[in-house]
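This report refers to the structure that appears directly beneath it.
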Amino acid sequence: MLYLPHRSDALVVGMDETASAELIGGLRKFAAASPHQWGTAMQVDDFVIWDNRPCLHRRDSWDDAEERVMWHLANQGE
């Protein structure tokens, strides 16, 4: 599993800035490529659950005038 930060100044230890940016960019591109990608158009009362450990996730912009409720649940062990 890889944690790929969104920060543009993130570096891979032991690599120079150019090589680090190329590696992180390539890994992000691979992770976001189909068939590794899943998405959904959320509707009112939708409930989505996923295992946060092996995935990258993001959301598109959200209208500040709309209510958005998120709950974070965690469990111990498998």
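Every chain in the structure tokens takes a letter, A first, then B, and so on in the order presented; its residues are numbered from 1, and the ligands are numbered from 1 following the presented order.
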
Inset, instruction - Tell me, as a list in words, which residues lie within 12 Å of range 60-71 of chain A, counting only C-alpha atoms; anything in the same chain fewer than 2 positions away does not count. - result: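 The residues satisfying every condition are Gly39, Thr40, Ala41, Met42, Gln43, Val44, Asp45, Asp46, Phe47, Val48, Ile49, His57, Arg58, Leu73 and Ala74 of chain A.
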
Write the residues of the preceding selection, restricted to N, CA and C atoms, as a PDB file, in the first residue's frame.
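For reference, result31.pdb as written:
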```pdb
ATOM      1  N   GLY A  39     -16.327   5.335  -9.224  1.00  0.00           N
ATOM      2  CA  GLY A  39     -16.943   6.594  -8.841  1.00  0.00           C
ATOM      3  C   GLY A  39     -18.451   6.454  -8.803  1.00  0.00           C
ATOM      4  N   THR A  40     -19.084   7.403  -8.170  1.00  0.00           N
ATOM      5  CA  THR A  40     -20.530   7.391  -8.076  1.00  0.00           C
ATOM      6  C   THR A  40     -21.053   8.814  -8.010  1.00  0.00           C
ATOM      7  N   ALA A  41     -22.243   9.028  -8.510  1.00  0.00           N
ATOM      8  CA  ALA A  41     -22.924  10.308  -8.363  1.00  0.00           C
ATOM      9  C   ALA A  41     -23.813  10.185  -7.138  1.00  0.00           C
ATOM     10  N   MET A  42     -23.477  10.895  -6.108  1.00  0.00           N
ATOM     11  CA  MET A  42     -24.217  10.785  -4.857  1.00  0.00           C
ATOM     12  C   MET A  42     -25.589  11.436  -4.970  1.00  0.00           C
ATOM     13  N   GLN A  43     -26.567  10.789  -4.368  1.00  0.00           N
ATOM     14  CA  GLN A  43     -27.934  11.276  -4.317  1.00  0.00           C
ATOM     15  C   GLN A  43     -28.325  11.440  -2.853  1.00  0.00           C
ATOM     16  N   VAL A  44     -29.382  12.176  -2.607  1.00  0.00           N
ATOM     17  CA  VAL A  44     -29.885  12.348  -1.245  1.00  0.00           C
ATOM     18  C   VAL A  44     -30.126  10.981  -0.619  1.00  0.00           C
ATOM     19  N   ASP A  45     -29.688  10.796   0.615  1.00  0.00           N
ATOM     20  CA  ASP A  45     -29.853   9.577   1.413  1.00  0.00           C
ATOM     21  C   ASP A  45     -28.965   8.418   0.956  1.00  0.00           C
ATOM     22  N   ASP A  46     -28.015   8.640   0.066  1.00  0.00           N
ATOM     23  CA  ASP A  46     -27.058   7.593  -0.294  1.00  0.00           C
ATOM     24  C   ASP A  46     -26.146   7.304   0.896  1.00  0.00           C
ATOM     25  N   PHE A  47     -25.715   6.078   0.984  1.00  0.00           N
ATOM     26  CA  PHE A  47     -24.797   5.647   2.032  1.00  0.00           C
ATOM     27  C   PHE A  47     -23.690   4.857   1.351  1.00  0.00           C
ATOM     28  N   VAL A  48     -22.465   5.332   1.447  1.00  0.00           N
ATOM     29  CA  VAL A  48     -21.334   4.689   0.786  1.00  0.00           C
ATOM     30  C   VAL A  48     -20.320   4.311   1.849  1.00  0.00           C
ATOM     31  N   ILE A  49     -19.784   3.122   1.732  1.00  0.00           N
ATOM     32  CA  ILE A  49     -18.777   2.667   2.678  1.00  0.00           C
ATOM     33  C   ILE A  49     -17.632   2.032   1.900  1.00  0.00           C
ATOM     34  N   HIS A  57      -8.888   8.412  -2.352  1.00  0.00           N
ATOM     35  CA  HIS A  57     -10.232   8.919  -2.568  1.00  0.00           C
ATOM     36  C   HIS A  57     -10.205  10.437  -2.560  1.00  0.00           C
ATOM     37  N   ARG A  58     -11.163  10.992  -3.249  1.00  0.00           N
ATOM     38  CA  ARG A  58     -11.320  12.435  -3.304  1.00  0.00           C
ATOM     39  C   ARG A  58     -12.771  12.727  -3.644  1.00  0.00           C
ATOM     40  N   LEU A  73     -16.057   5.958  10.737  1.00  0.00           N
ATOM     41  CA  LEU A  73     -16.136   4.788  11.598  1.00  0.00           C
ATOM     42  C   LEU A  73     -14.813   4.039  11.507  1.00  0.00           C
ATOM     43  N   ALA A  74     -14.359   3.522  12.619  1.00  0.00           N
ATOM     44  CA  ALA A  74     -13.106   2.755  12.617  1.00  0.00           C
ATOM     45  C   ALA A  74     -13.318   1.486  13.421  1.00  0.00           C
TER      46      ALA A  74
END
```

Inset, instruction - Would you mind listing what lies within 10 Å of Val12 in chain A as a ChimeraX atom specification, with only C-alpha atoms counted and same-chain residues fewer than 5 positions away left out? - result: /A:4,17,19-21,23-24

Can you write out the residues you just picked, keeping N, CA and C atoms, as a CSV table (one decimal), in the first residue's frame?
```
chain,number,residue,atom,x,y,z
A,4,LEU,N,0.0,8.4,-1.1
A,4,LEU,CA,0.5,9.3,-2.1
A,4,LEU,C,-0.1,10.7,-1.7
A,17,GLU,N,14.1,16.2,-6.3
A,17,GLU,CA,12.8,16.7,-6.6
A,17,GLU,C,12.2,16.2,-7.9
A,19,ALA,N,13.0,13.5,-9.9
A,19,ALA,CA,12.7,12.1,-9.9
A,19,ALA,C,11.5,11.7,-8.9
A,20,SER,N,11.5,12.4,-7.8
A,20,SER,CA,10.4,12.2,-6.8
A,20,SER,C,9.0,12.6,-7.4
A,21,ALA,N,9.0,13.7,-8.0
A,21,ALA,CA,7.7,14.2,-8.6
A,21,ALA,C,7.3,13.3,-9.8
A,23,LEU,N,8.0,10.0,-10.1
A,23,LEU,CA,7.5,8.8,-9.5
A,23,LEU,C,6.1,8.9,-8.9
A,24,ILE,N,5.9,10.0,-8.0
A,24,ILE,CA,4.6,10.2,-7.4
A,24,ILE,C,3.5,10.4,-8.5
```

Legend entry - Point-to-point distance in Å for CA of Thr18 in chain A and CA of Ala31 in chain A: 20.0 Å

Legend entry - Point-to-point distance in Å for CA of His72 in chain A and CA of Ala32 in chain A: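 Between CA of Ala32 in chain A and CA of His72 in chain A the gap is 23.3 Å.
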
Legend entry - Interatomic distance, CA of Arg7 in chain A to CA of Gly25 in chain A (Å, one decimal):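 Separation of CA of Arg7 in chain A and CA of Gly25 in chain A: 11.3 Å.
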
Inset, instruction - Output as a ChimeraX atom specification all residues of chain A that backbone DSSP marks as helix (DSSP H, G or I). - result: /A:17-32

Residues from the last selection, all heavy atoms, saved as a compact mmCIF listing (two decimals), in the first residue's frame:
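Output contents, as saved in part08.txt:
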```txt
# COMPACT_ATOMS: atom_id res chain seq x y z
N GLU A 17 14.14 16.16 -6.35
CA GLU A 17 12.79 16.68 -6.58
C GLU A 17 12.18 16.21 -7.89
O GLU A 17 11.01 15.82 -7.93
CB GLU A 17 12.81 18.21 -6.54
CG GLU A 17 13.00 18.78 -5.17
CD GLU A 17 12.90 20.30 -5.17
OE1 GLU A 17 12.02 20.85 -5.86
OE2 GLU A 17 13.71 20.93 -4.47
N THR A 18 12.95 16.23 -8.96
CA THR A 18 12.42 15.84 -10.27
C THR A 18 12.04 14.37 -10.30
O THR A 18 10.93 14.01 -10.71
CB THR A 18 13.46 16.15 -11.38
OG1 THR A 18 13.77 17.55 -11.34
CG2 THR A 18 12.92 15.77 -12.74
N ALA A 19 12.96 13.51 -9.87
CA ALA A 19 12.68 12.07 -9.87
C ALA A 19 11.52 11.74 -8.95
O ALA A 19 10.67 10.91 -9.26
CB ALA A 19 13.93 11.29 -9.47
N SER A 20 11.47 12.40 -7.79
CA SER A 20 10.40 12.17 -6.83
C SER A 20 9.05 12.57 -7.41
O SER A 20 8.08 11.82 -7.32
CB SER A 20 10.69 12.95 -5.55
OG SER A 20 9.72 12.70 -4.57
N ALA A 21 8.99 13.74 -8.04
CA ALA A 21 7.73 14.21 -8.63
C ALA A 21 7.28 13.29 -9.76
O ALA A 21 6.09 13.00 -9.90
CB ALA A 21 7.90 15.64 -9.15
N GLU A 22 8.23 12.80 -10.56
CA GLU A 22 7.88 11.88 -11.64
C GLU A 22 7.34 10.56 -11.11
O GLU A 22 6.35 10.03 -11.62
CB GLU A 22 9.09 11.63 -12.53
CG GLU A 22 9.45 12.81 -13.40
CD GLU A 22 10.72 12.59 -14.21
OE1 GLU A 22 11.32 11.49 -14.12
OE2 GLU A 22 11.13 13.52 -14.91
N LEU A 23 7.95 10.03 -10.06
CA LEU A 23 7.49 8.78 -9.48
C LEU A 23 6.10 8.93 -8.86
O LEU A 23 5.20 8.14 -9.14
CB LEU A 23 8.48 8.27 -8.42
CG LEU A 23 8.07 7.00 -7.68
CD1 LEU A 23 7.89 5.83 -8.65
CD2 LEU A 23 9.09 6.66 -6.61
N ILE A 24 5.92 9.96 -8.04
CA ILE A 24 4.61 10.18 -7.40
C ILE A 24 3.54 10.43 -8.47
O ILE A 24 2.44 9.87 -8.40
CB ILE A 24 4.68 11.34 -6.39
CG1 ILE A 24 5.54 10.93 -5.18
CG2 ILE A 24 3.28 11.77 -5.95
CD1 ILE A 24 5.81 12.05 -4.21
N GLY A 25 3.86 11.23 -9.48
CA GLY A 25 2.90 11.49 -10.55
C GLY A 25 2.53 10.24 -11.32
O GLY A 25 1.36 10.00 -11.63
N GLY A 26 3.52 9.40 -11.62
CA GLY A 26 3.26 8.15 -12.32
C GLY A 26 2.41 7.19 -11.51
O GLY A 26 1.50 6.54 -12.04
N LEU A 27 2.68 7.11 -10.21
CA LEU A 27 1.89 6.24 -9.34
C LEU A 27 0.46 6.72 -9.22
O LEU A 27 -0.49 5.93 -9.25
CB LEU A 27 2.55 6.12 -7.96
CG LEU A 27 3.85 5.34 -7.93
CD1 LEU A 27 4.55 5.52 -6.59
CD2 LEU A 27 3.62 3.86 -8.23
N ARG A 28 0.28 8.04 -9.10
CA ARG A 28 -1.07 8.60 -9.04
C ARG A 28 -1.83 8.34 -10.34
O ARG A 28 -3.01 7.99 -10.32
CB ARG A 28 -1.03 10.11 -8.78
CG ARG A 28 -0.73 10.45 -7.35
CD ARG A 28 -1.04 11.92 -7.10
NE ARG A 28 -1.31 12.07 -5.70
CZ ARG A 28 -2.44 11.76 -5.10
NH1 ARG A 28 -3.44 11.28 -5.80
NH2 ARG A 28 -2.60 11.89 -3.82
N LYS A 29 -1.16 8.51 -11.47
CA LYS A 29 -1.80 8.27 -12.76
C LYS A 29 -2.22 6.80 -12.88
O LYS A 29 -3.32 6.50 -13.33
CB LYS A 29 -0.84 8.65 -13.88
CG LYS A 29 -1.45 8.58 -15.25
CD LYS A 29 -0.47 9.08 -16.31
CE LYS A 29 -1.09 8.99 -17.68
NZ LYS A 29 -0.16 9.46 -18.72
N PHE A 30 -1.35 5.89 -12.46
CA PHE A 30 -1.68 4.47 -12.51
C PHE A 30 -2.86 4.15 -11.59
O PHE A 30 -3.79 3.44 -11.99
CB PHE A 30 -0.46 3.63 -12.08
CG PHE A 30 -0.77 2.17 -11.98
CD1 PHE A 30 -0.83 1.37 -13.12
CD2 PHE A 30 -1.02 1.59 -10.75
CE1 PHE A 30 -1.13 0.02 -13.02
CE2 PHE A 30 -1.32 0.24 -10.64
CZ PHE A 30 -1.37 -0.54 -11.78
N ALA A 31 -2.84 4.67 -10.37
CA ALA A 31 -3.90 4.38 -9.41
C ALA A 31 -5.25 4.92 -9.88
O ALA A 31 -6.29 4.34 -9.58
CB ALA A 31 -3.54 4.96 -8.05
N ALA A 32 -5.24 6.03 -10.62
CA ALA A 32 -6.48 6.64 -11.07
C ALA A 32 -6.98 6.08 -12.40
O ALA A 32 -8.08 6.40 -12.83
CB ALA A 32 -6.30 8.15 -11.20
```
